[in-house]
$ cat run.cif   # mmCIF, C-alpha atoms
data_model
loop_
_atom_site.label_atom_id
_atom_site.label_comp_id
_atom_site.auth_asym_id
_atom_site.auth_seq_id
_atom_site.Cartn_x
_atom_site.Cartn_y
_atom_site.Cartn_z
CA MET Q 1 57.52 -109.23 152.44
CA GLY Q 2 60.67 -111.23 151.82
CA ASN Q 3 62.93 -112.57 154.51
CA THR Q 4 65.66 -110.12 153.59
CA LYS Q 5 64.00 -107.37 155.62
CA LYS Q 6 66.19 -105.94 158.37
CA LYS Q 7 65.10 -106.87 161.85
CA GLY Q 8 64.97 -103.22 162.80
CA LYS Q 9 61.86 -102.79 160.69
CA GLY Q 10 59.91 -105.09 162.93
CA ARG Q 11 60.78 -102.84 165.84
CA ILE Q 12 58.81 -100.05 164.23
CA VAL Q 13 55.60 -102.06 164.17
CA ALA Q 14 55.28 -102.11 167.93
CA ARG Q 15 55.65 -98.35 168.01
CA ILE Q 16 52.38 -97.94 166.11
CA PHE Q 17 50.47 -100.51 168.14
CA PHE Q 18 48.67 -97.96 170.25
CA VAL Q 19 47.52 -96.26 167.07
CA ILE Q 20 46.16 -99.61 165.92
CA GLY Q 21 44.38 -99.88 169.26
CA LEU Q 22 42.96 -96.42 168.85
CA ILE Q 23 41.86 -97.27 165.34
CA PHE Q 24 39.88 -100.06 167.06
CA SER Q 25 38.33 -97.38 169.20
CA VAL Q 26 38.03 -94.28 167.04
CA THR Q 27 37.30 -96.02 163.76
CA LEU Q 28 35.14 -98.92 164.83
CA GLY Q 29 33.66 -96.99 167.73
CA SER Q 30 32.38 -94.32 165.38
CA VAL Q 31 30.95 -96.95 163.05
CA ALA Q 32 29.46 -98.95 165.91
CA ALA Q 33 27.10 -96.17 166.86
CA THR Q 34 24.99 -96.91 163.78
CA PHE Q 35 26.39 -100.15 162.33
CA VAL Q 36 26.66 -102.64 165.19
CA HIS Q 37 26.43 -105.69 162.91
CA GLN Q 38 29.11 -104.31 160.58
CA THR Q 39 31.39 -103.68 163.55
CA ASP Q 40 31.00 -107.27 164.68
CA ASN Q 41 31.93 -108.49 161.21
CA MET Q 42 35.03 -106.28 161.16
CA LEU Q 43 36.17 -107.48 164.56
CA GLY Q 44 35.96 -110.95 163.08
CA LEU Q 45 38.95 -110.07 160.89
CA ILE Q 46 41.24 -110.07 163.92
CA ASN Q 47 43.23 -113.17 164.84
CA TYR Q 48 42.18 -114.29 168.32
CA ASN Q 49 44.68 -116.40 170.26
CA GLU Q 50 43.19 -117.84 173.43
CA ALA Q 51 46.09 -120.28 173.84
CA ASP Q 52 48.40 -117.41 174.78
CA SER Q 53 45.92 -115.59 176.98
CA LEU Q 54 47.66 -113.43 179.58
CA ALA Q 55 44.94 -114.44 182.02
CA SER Q 56 46.38 -117.98 182.02
CA VAL Q 57 49.81 -116.85 183.28
CA ASP Q 58 50.47 -117.83 186.90
CA LEU Q 59 51.44 -114.61 188.67
CA SER Q 60 50.42 -115.69 192.18
CA LYS Q 61 53.92 -115.03 193.55
CA TYR Q 62 53.89 -111.38 192.46
CA GLN Q 63 52.19 -108.40 194.05
CA LEU Q 64 50.62 -106.50 191.16
CA ASP Q 65 48.88 -103.14 190.98
CA SER Q 66 45.57 -102.92 189.08
CA ASP Q 67 42.47 -100.74 188.90
CA VAL Q 68 39.04 -101.57 187.47
CA ASP Q 69 38.97 -98.11 185.84
CA VAL Q 70 42.40 -98.47 184.22
CA VAL Q 71 42.89 -100.90 181.30
CA ASN Q 72 46.46 -101.88 180.37
CA VAL Q 73 47.21 -103.68 177.11
CA LEU Q 74 50.65 -105.03 176.22
CA LEU Q 75 51.63 -104.11 172.66
CA VAL Q 76 54.31 -106.32 171.17
CA GLY Q 77 56.19 -106.55 167.88
CA ALA Q 78 58.57 -109.26 166.71
CA ASP Q 79 61.65 -108.49 164.65
CA LYS Q 80 60.70 -110.60 161.63
CA ASN Q 81 58.08 -110.54 158.94
CA LEU Q 82 55.48 -113.14 157.98
CA ASP Q 83 57.81 -115.14 155.71
CA GLU Q 84 60.28 -115.51 158.57
CA GLN Q 85 57.52 -116.48 160.99
CA GLU Q 86 56.43 -119.29 158.69
CA LYS Q 87 60.00 -120.62 158.74
CA ASP Q 88 59.90 -120.63 162.57
CA VAL Q 89 62.83 -118.26 162.94
CA ASP Q 90 63.50 -117.15 166.51
CA ARG Q 91 62.25 -113.65 167.08
CA ARG Q 92 62.57 -110.92 169.68
CA SER Q 93 60.11 -108.30 170.80
CA ASP Q 94 62.51 -105.43 170.18
CA SER Q 95 59.80 -102.91 171.00
CA MET Q 96 57.29 -103.21 173.78
CA MET Q 97 54.65 -100.77 174.94
CA ILE Q 98 51.87 -100.60 177.49
CA ALA Q 99 48.74 -98.89 176.17
CA THR Q 100 46.52 -97.53 178.91
CA LEU Q 101 42.84 -96.58 178.80
CA ASP Q 102 42.51 -94.52 182.00
CA ILE Q 103 38.82 -93.96 182.52
CA LYS Q 104 39.41 -92.56 186.01
CA HIS Q 105 41.44 -89.60 184.68
CA ASN Q 106 39.90 -89.53 181.17
CA LYS Q 107 43.28 -90.11 179.50
CA LEU Q 108 44.87 -92.31 176.85
CA LYS Q 109 48.44 -93.20 177.80
CA ILE Q 110 51.31 -95.04 176.20
CA THR Q 111 54.49 -96.25 177.87
CA SER Q 112 57.54 -97.36 175.88
CA LEU Q 113 59.67 -100.04 177.50
CA MET Q 114 63.20 -99.73 176.12
CA ARG Q 115 64.40 -102.99 174.61
CA ASP Q 116 67.88 -102.81 176.17
CA LEU Q 117 66.59 -102.69 179.76
CA TYR Q 118 68.63 -105.05 181.95
CA VAL Q 119 66.08 -107.00 183.97
CA GLU Q 120 65.56 -110.43 185.48
CA VAL Q 121 63.74 -112.82 183.16
CA PRO Q 122 62.07 -115.49 185.32
CA GLY Q 123 63.95 -118.77 184.97
CA TYR Q 124 66.74 -117.30 182.85
CA GLY Q 125 68.55 -114.79 185.03
CA HIS Q 126 69.34 -111.23 183.99
CA LYS Q 127 68.85 -110.44 180.31
CA LYS Q 128 67.78 -107.58 178.09
CA LEU Q 129 64.00 -107.13 178.23
CA ASN Q 130 63.69 -107.92 174.53
CA ALA Q 131 65.00 -111.46 175.13
CA ALA Q 132 61.95 -112.56 177.14
CA TYR Q 133 59.71 -113.00 174.10
CA SER Q 134 62.16 -115.18 172.19
CA LEU Q 135 62.76 -117.33 175.26
CA GLY Q 136 59.15 -117.92 176.25
CA GLY Q 137 56.76 -115.97 174.06
CA ILE Q 138 54.14 -113.50 175.18
CA LYS Q 139 53.55 -115.28 178.49
CA LEU Q 140 57.17 -115.03 179.64
CA LEU Q 141 57.29 -111.40 178.54
CA TYR Q 142 54.23 -110.70 180.72
CA LYS Q 143 55.78 -112.55 183.65
CA THR Q 144 58.99 -110.54 183.21
CA ILE Q 145 57.08 -107.25 183.27
CA ALA Q 146 55.09 -108.42 186.30
CA GLN Q 147 58.20 -109.43 188.25
CA ASN Q 148 60.17 -106.27 187.51
CA PHE Q 149 57.46 -103.61 187.47
CA GLY Q 150 54.48 -104.97 189.41
CA ILE Q 151 51.87 -104.09 186.77
CA SER Q 152 48.81 -106.19 185.97
CA LEU Q 153 47.93 -106.36 182.27
CA ASP Q 154 44.49 -106.94 180.76
CA GLY Q 155 45.55 -108.42 177.43
CA TYR Q 156 47.97 -108.09 174.54
CA ALA Q 157 48.02 -107.20 170.87
CA GLU Q 158 50.62 -108.07 168.25
CA VAL Q 159 50.74 -106.83 164.69
CA ASN Q 160 53.03 -107.90 161.86
CA PHE Q 161 55.26 -105.59 159.88
CA ASP Q 162 53.36 -106.02 156.62
CA ALA Q 163 50.62 -103.69 157.86
CA PHE Q 164 52.74 -100.58 158.38
CA VAL Q 165 53.36 -99.26 154.88
CA ASN Q 166 49.84 -100.17 153.76
CA VAL Q 167 48.22 -98.33 156.67
CA ILE Q 168 50.12 -95.12 155.94
CA ASP Q 169 49.32 -95.30 152.22
CA GLU Q 170 45.67 -96.18 152.87
CA ILE Q 171 45.14 -92.94 154.83
CA GLY Q 172 46.89 -90.86 152.14
CA GLY Q 173 50.21 -90.36 153.94
CA ILE Q 174 51.04 -88.43 157.10
CA GLU Q 175 52.46 -84.99 157.81
CA VAL Q 176 56.07 -85.00 159.07
CA THR Q 177 58.41 -82.14 159.97
CA LEU Q 178 62.14 -82.94 159.58
CA THR Q 179 65.14 -81.35 161.24
CA GLU Q 180 68.23 -80.76 159.11
CA SER Q 181 70.02 -83.83 160.50
CA GLU Q 182 66.94 -86.02 159.95
CA ALA Q 183 66.59 -84.88 156.35
CA THR Q 184 70.30 -85.45 155.70
CA GLY Q 185 70.15 -88.86 157.33
CA LEU Q 186 67.18 -89.98 155.25
CA ARG Q 187 68.71 -88.73 152.00
CA THR Q 188 72.08 -90.41 152.54
CA THR Q 189 71.13 -93.77 154.08
CA ASN Q 190 68.96 -96.72 153.08
CA TYR Q 191 66.44 -96.27 155.90
CA ILE Q 192 63.93 -95.43 153.17
CA LYS Q 193 63.96 -98.66 151.19
CA ARG Q 194 63.07 -97.22 147.78
CA ARG Q 195 65.67 -94.76 146.54
CA LYS Q 196 63.13 -92.70 144.58
CA TYR Q 197 61.45 -91.68 147.84
CA ARG Q 198 64.62 -90.36 149.51
CA ASN Q 199 64.25 -86.83 148.12
CA VAL Q 200 63.05 -85.45 151.46
CA LYS Q 201 63.57 -81.90 152.69
CA VAL Q 202 63.95 -79.95 155.90
CA GLY Q 203 60.61 -78.86 157.33
CA LYS Q 204 57.00 -79.92 156.88
CA GLN Q 205 55.96 -82.43 154.17
CA ILE Q 206 53.69 -85.42 153.49
CA PHE Q 207 55.29 -88.87 153.79
CA ASN Q 208 54.05 -92.05 152.13
CA GLY Q 209 54.37 -95.45 153.80
CA TYR Q 210 57.97 -96.13 152.79
CA GLN Q 211 59.08 -92.66 153.85
CA ALA Q 212 57.25 -92.92 157.18
CA LEU Q 213 58.89 -96.28 157.83
CA GLY Q 214 62.32 -94.83 157.09
CA TYR Q 215 61.59 -91.89 159.38
CA CYS Q 216 60.66 -94.26 162.21
CA ARG Q 217 63.73 -96.45 161.66
CA ILE Q 218 66.40 -93.76 161.56
CA ARG Q 219 68.87 -93.76 164.43
CA HIS Q 220 72.07 -92.23 163.02
CA GLY Q 221 73.75 -91.22 159.76
CA VAL Q 222 76.09 -93.08 157.43
CA ARG Q 223 79.14 -94.66 159.01
CA GLN Q 224 82.26 -92.55 158.59
CA PRO Q 225 85.77 -93.79 157.66
CA ASP Q 226 86.83 -93.58 161.30
CA GLY Q 227 83.97 -95.87 162.31
CA SER Q 228 81.81 -93.15 163.87
CA TYR Q 229 78.21 -92.36 163.00
CA PRO Q 230 76.86 -88.80 162.58
CA GLY Q 231 74.11 -87.99 165.04
CA VAL Q 232 70.50 -87.56 163.92
CA TYR Q 233 68.42 -85.39 166.24
CA THR Q 234 64.77 -84.54 166.69
CA ALA Q 235 63.54 -80.98 167.12
CA SER Q 236 63.74 -81.49 170.88
CA GLY Q 237 67.39 -82.56 170.62
CA LYS Q 238 67.00 -86.31 171.17
CA GLY Q 239 69.27 -88.73 169.30
CA ASP Q 240 70.05 -92.45 169.05
CA ASP Q 241 67.31 -94.77 170.43
CA TYR Q 242 65.59 -91.93 172.29
CA GLY Q 243 65.34 -89.93 169.08
CA ARG Q 244 63.92 -92.94 167.29
CA VAL Q 245 61.31 -93.48 170.00
CA GLU Q 246 60.28 -89.83 169.74
CA ARG Q 247 59.93 -90.05 165.95
CA GLN Q 248 57.80 -93.14 166.32
CA ARG Q 249 55.55 -91.36 168.81
CA LEU Q 250 55.20 -88.40 166.45
CA THR Q 251 54.24 -90.86 163.73
CA MET Q 252 51.53 -92.35 165.94
CA GLN Q 253 50.09 -88.92 166.63
CA ALA Q 254 50.20 -88.06 162.92
CA ILE Q 255 48.30 -91.25 162.08
CA LEU Q 256 45.64 -90.41 164.66
CA THR Q 257 45.32 -86.87 163.33
CA LYS Q 258 44.79 -88.19 159.81
CA VAL Q 259 42.38 -90.93 160.87
CA LYS Q 260 40.11 -88.34 162.51
CA THR Q 261 39.62 -86.67 159.11
CA LEU Q 262 38.47 -89.81 157.29
CA SER Q 263 34.89 -90.50 156.22
CA ILE Q 264 32.98 -93.56 157.42
CA SER Q 265 33.64 -95.42 154.16
CA GLU Q 266 37.35 -94.59 154.36
CA LEU Q 267 37.45 -95.78 157.97
CA LEU Q 268 35.86 -99.07 156.94
CA ASP Q 269 38.47 -99.52 154.21
CA LEU Q 270 41.21 -98.83 156.74
CA THR Q 271 39.99 -101.44 159.19
CA GLU Q 272 40.12 -104.06 156.42
CA VAL Q 273 43.81 -103.25 156.00
CA VAL Q 274 44.65 -103.16 159.71
CA LEU Q 275 42.61 -105.82 161.48
CA PRO Q 276 43.78 -108.99 159.67
CA ASN Q 277 47.33 -108.13 160.75
CA ILE Q 278 46.50 -108.16 164.46
CA THR Q 279 46.70 -111.07 166.90
CA THR Q 280 45.24 -110.65 170.40
CA ASP Q 281 43.85 -112.51 173.39
CA ILE Q 282 41.22 -109.82 173.99
CA SER Q 283 37.70 -111.00 173.18
CA LYS Q 284 35.36 -109.22 170.77
CA LYS Q 285 33.13 -108.25 173.69
CA LYS Q 286 35.99 -106.59 175.56
CA ILE Q 287 37.35 -104.87 172.47
CA TYR Q 288 33.90 -103.45 171.84
CA SER Q 289 33.66 -102.19 175.44
CA TYR Q 290 37.12 -100.60 175.18
CA MET Q 291 36.08 -98.89 171.94
CA MET Q 292 33.00 -97.47 173.55
CA GLY Q 293 35.11 -96.30 176.48
CA VAL Q 294 37.38 -94.31 174.19
CA VAL Q 295 34.45 -92.87 172.25
CA GLN Q 296 32.79 -91.74 175.49
CA MET Q 297 36.03 -90.18 176.68
CA GLY Q 298 36.06 -88.03 173.55
CA THR Q 299 39.84 -87.69 173.28
CA THR Q 300 42.63 -89.08 171.12
CA GLU Q 301 45.43 -87.13 172.82
CA LEU Q 302 48.30 -89.44 173.77
CA HIS Q 303 50.07 -88.96 177.10
CA GLN Q 304 53.48 -90.55 176.64
CA PHE Q 305 56.11 -92.00 178.93
CA SER Q 306 59.31 -94.08 178.72
CA ILE Q 307 61.00 -96.60 180.98
CA PRO Q 308 63.72 -96.20 182.12
CA VAL Q 309 63.12 -92.61 183.19
CA GLU Q 310 65.95 -90.19 182.51
CA GLY Q 311 68.36 -90.03 185.43
CA THR Q 312 67.31 -93.44 186.80
CA PHE Q 313 69.65 -95.74 184.88
CA LYS Q 314 73.23 -96.13 183.71
CA GLY Q 315 74.62 -97.55 180.50
CA GLU Q 316 76.84 -100.61 180.90
CA ASN Q 317 78.48 -103.06 178.52
CA ILE Q 318 77.66 -106.46 179.98
CA PRO Q 319 79.62 -109.50 178.71
CA GLY Q 320 77.49 -111.62 176.44
CA LEU Q 321 74.74 -109.02 176.19
CA GLY Q 322 76.47 -105.87 174.95
CA ASP Q 323 75.25 -102.39 175.79
CA CYS Q 324 72.47 -102.43 178.38
CA LEU Q 325 70.42 -99.90 180.31
CA VAL Q 326 70.80 -100.86 183.96
CA PRO Q 327 67.89 -99.22 185.82
CA ASP Q 328 67.24 -98.21 189.38
CA LEU Q 329 64.38 -100.70 189.41
CA ASP Q 330 62.57 -99.32 192.46
CA ALA Q 331 62.58 -95.78 191.04
CA ASN Q 332 61.31 -96.91 187.66
CA LYS Q 333 58.66 -99.19 189.14
CA ALA Q 334 57.33 -96.29 191.22
CA ALA Q 335 57.41 -93.90 188.25
CA LEU Q 336 55.56 -96.34 185.99
CA LYS Q 337 52.83 -97.01 188.55
CA LYS Q 338 52.38 -93.28 189.15
CA PHE Q 339 52.04 -92.57 185.41
CA ILE Q 340 49.61 -95.40 184.76
CA PHE Q 341 47.40 -95.26 187.84
CA LYS Q 342 47.72 -91.84 189.47
CA SER Q 343 48.27 -89.15 186.84
#
$ encode --input "run.cif" --output "structure tokens"
Amino acid sequence: MGNTKKKGKGRIVARIFFVIGLIFSVTLGSVAATFVHQTDNMLGLINYNEADSLASVDLSKYQLDSDVDVVNVLLVGADKNLDEQEKDVDRRSDSMMIATLDIKHNKLKITSLMRDLYVEVPGYGHKKLNAAYSLGGIKLLYKTIAQNFGISLDGYAEVNFDAFVNVIDEIGGIEVTLTESEATGLRTTNYIKRRKYRNVKVGKQIFNGYQALGYCRIRHGVRQPDGSYPGVYTASGKGDDYGRVERQRLTMQAILTKVKTLSISELLDLTEVVLPNITTDISKKKIYSYMMGVVQMGTTELHQFSIPVEGTFKGENIPGLGDCLVPDLDANKAALKKFIFKS
């Protein structure tokens, strides 16, 4: 991928991280039952980064909630592609999620942390949440989440943008259902990079990788002469960033649905596309145990949540930062802990 890619594309990658995690579990877990050695070889394709282990972050000053039967993994995406990373360009984690394996309640959960959340970044004062990664990497992002939300995390996973289109194409595309405003938006904008793929329609259809990426990226229509942007809304009526988050969640579910139909050989091919694009501090042994946990749970249904919760924040334009979501931190902390540990 060239360095001309828009930074918004990188935001999409984080939104499929839980699917990547579930591909660890569903794909490799299924294979592991009869091909343990092969599974070990495949896990060897992942990039392991012990230097940035979350376990090495000093969080002694924070009171954090945790549970031995609840595994929380931080899923992070940077807003640049591999070419830009090699040039050491500053990057931001414009999408952040917490993937939860809740063995106690037999549930798979995913929490989206909105990038414009106005929070305190340790050592830097109040910033948008997405600034923490560029200021101090994965460790500072973890410390920021710990300070503001009181959640203990068991590891992290990061995947680069190059994997997205290839994953969708490798599984033969995904089923998407468009509203009229979504179809119009995709036909009249450049969210879908290749013009020949912009001939989308209202209703159900199969999207290839480029179309799925455009679907996940879309936020609004083409700018009008008066400077306004037409709204683009999901079937549930969500627009702007909330609509985009919902589309990305629908994409994750569509990927899971398709993955469950693949044969063992197709699953093996898929892991070879996905795993080299992942960096994590989670050991092979732990990944294997998490995979077995998901397999034993027997579910791939995603229970989804977003922070800030509706009605618990206000939008403000803060000098030097722009539009921010200023949360009732106590209310959101309590809501997040309830979703992750008690529901």
$ resolve_selection --input "run.cif" --expression "the PyMOL selection byres ((chain Q and resi 336) around 12)" --output "JSON, numbers by chain"
{"Q": [65, 97, 98, 100, 109, 110, 111, 112, 113, 145, 148, 149, 150, 151, 152, 304, 305, 306, 307, 308, 309, 329, 330, 331, 332, 333, 334, 335, 337, 338, 339, 340, 341, 342, 343]}
$ resolve_selection --input "run.cif" --expression "the PyMOL selection byres ((chain Q and resi 276-284) around 10)" --output "PyMOL selection string"
chain Q and resi 17+20-21+39-40+42-55+73-76+82+154-164+271-275+285-290
$ resolve_selection --input "run.cif" --expression "the PyMOL selection byres ((chain Q and resi 69) around 9)" --output "VMD selection string"
chain Q and resid 66 to 68 70 to 71 101 to 105
$ closest_atom_pairs --input "run.cif" --of "region 254-275 of chain Q" --to "region 170-179 of chain Q" --cutoff "8 Å" --atoms "only C-alpha atoms" --output "JSON lines"
{"residue": "Q:Ala254", "atom": "CA", "partner": "Q:Ile174", "partner_atom": "CA", "distance": 5.9}
{"residue": "Q:Ile255", "atom": "CA", "partner": "Q:Ile174", "partner_atom": "CA", "distance": 6.3}
{"residue": "Q:Lys258", "atom": "CA", "partner": "Q:Ile174", "partner_atom": "CA", "distance": 6.8}
{"residue": "Q:Val259", "atom": "CA", "partner": "Q:Ile171", "partner_atom": "CA", "distance": 6.9}
{"residue": "Q:Leu262", "atom": "CA", "partner": "Q:Ile171", "partner_atom": "CA", "distance": 7.8}
{"residue": "Q:Glu266", "atom": "CA", "partner": "Q:Ile171", "partner_atom": "CA", "distance": 8.0}
{"residue": "Q:Leu270", "atom": "CA", "partner": "Q:Glu170", "partner_atom": "CA", "distance": 6.5}
{"residue": "Q:Val273", "atom": "CA", "partner": "Q:Glu170", "partner_atom": "CA", "distance": 8.0}
$ residues_around --input "run.cif" --residues "His126 (chain Q)" --least-positions-apart "6" --cutoff "12 Å" --atoms "all atoms listed in the file" --output "count of residues only"
15
$ closest_residue --input "run.cif" --among "Q:Lys128, Q:Arg198, Q:Lys143, Q:Arg217" --to "Asp58 (chain Q)" --atoms "all atoms listed in the file"
Q:Lys143
$ residues_around --input "run.cif" --residues "Gly237 (chain Q)" --least-positions-apart "5" --cutoff "12 Å" --atoms "only C-alpha atoms" --output "VMD selection string"
chain Q and resid 179 to 182 231 to 232 242 to 244 246 to 247
$ atom_distance --input "run.cif" --atom1 "CA of Val167 (chain Q)" --atom2 "CA of Leu213 (chain Q)"
10.9 Å
$ atom_distance --input "run.cif" --atom1 "CA of Ile138 (chain Q)" --atom2 "CA of Lys61 (chain Q)"
18.4 Å
$ atom_distance --input "run.cif" --atom1 "CA of Tyr215 (chain Q)" --atom2 "CA of Met96 (chain Q)"
18.8 Å
$ closest_residue --input "run.cif" --among "Q:Val294, Q:Leu302, Q:Tyr142, Q:Thr184" --to "Met252 (chain Q)" --atoms "all atoms listed in the file"
Q:Leu302
$ closest_residue --input "run.cif" --among "Q:Tyr233, Q:Arg195, Q:Gln147, Q:Asn130" --to "Tyr62 (chain Q)" --atoms "all atoms listed in the file"
Q:Gln147
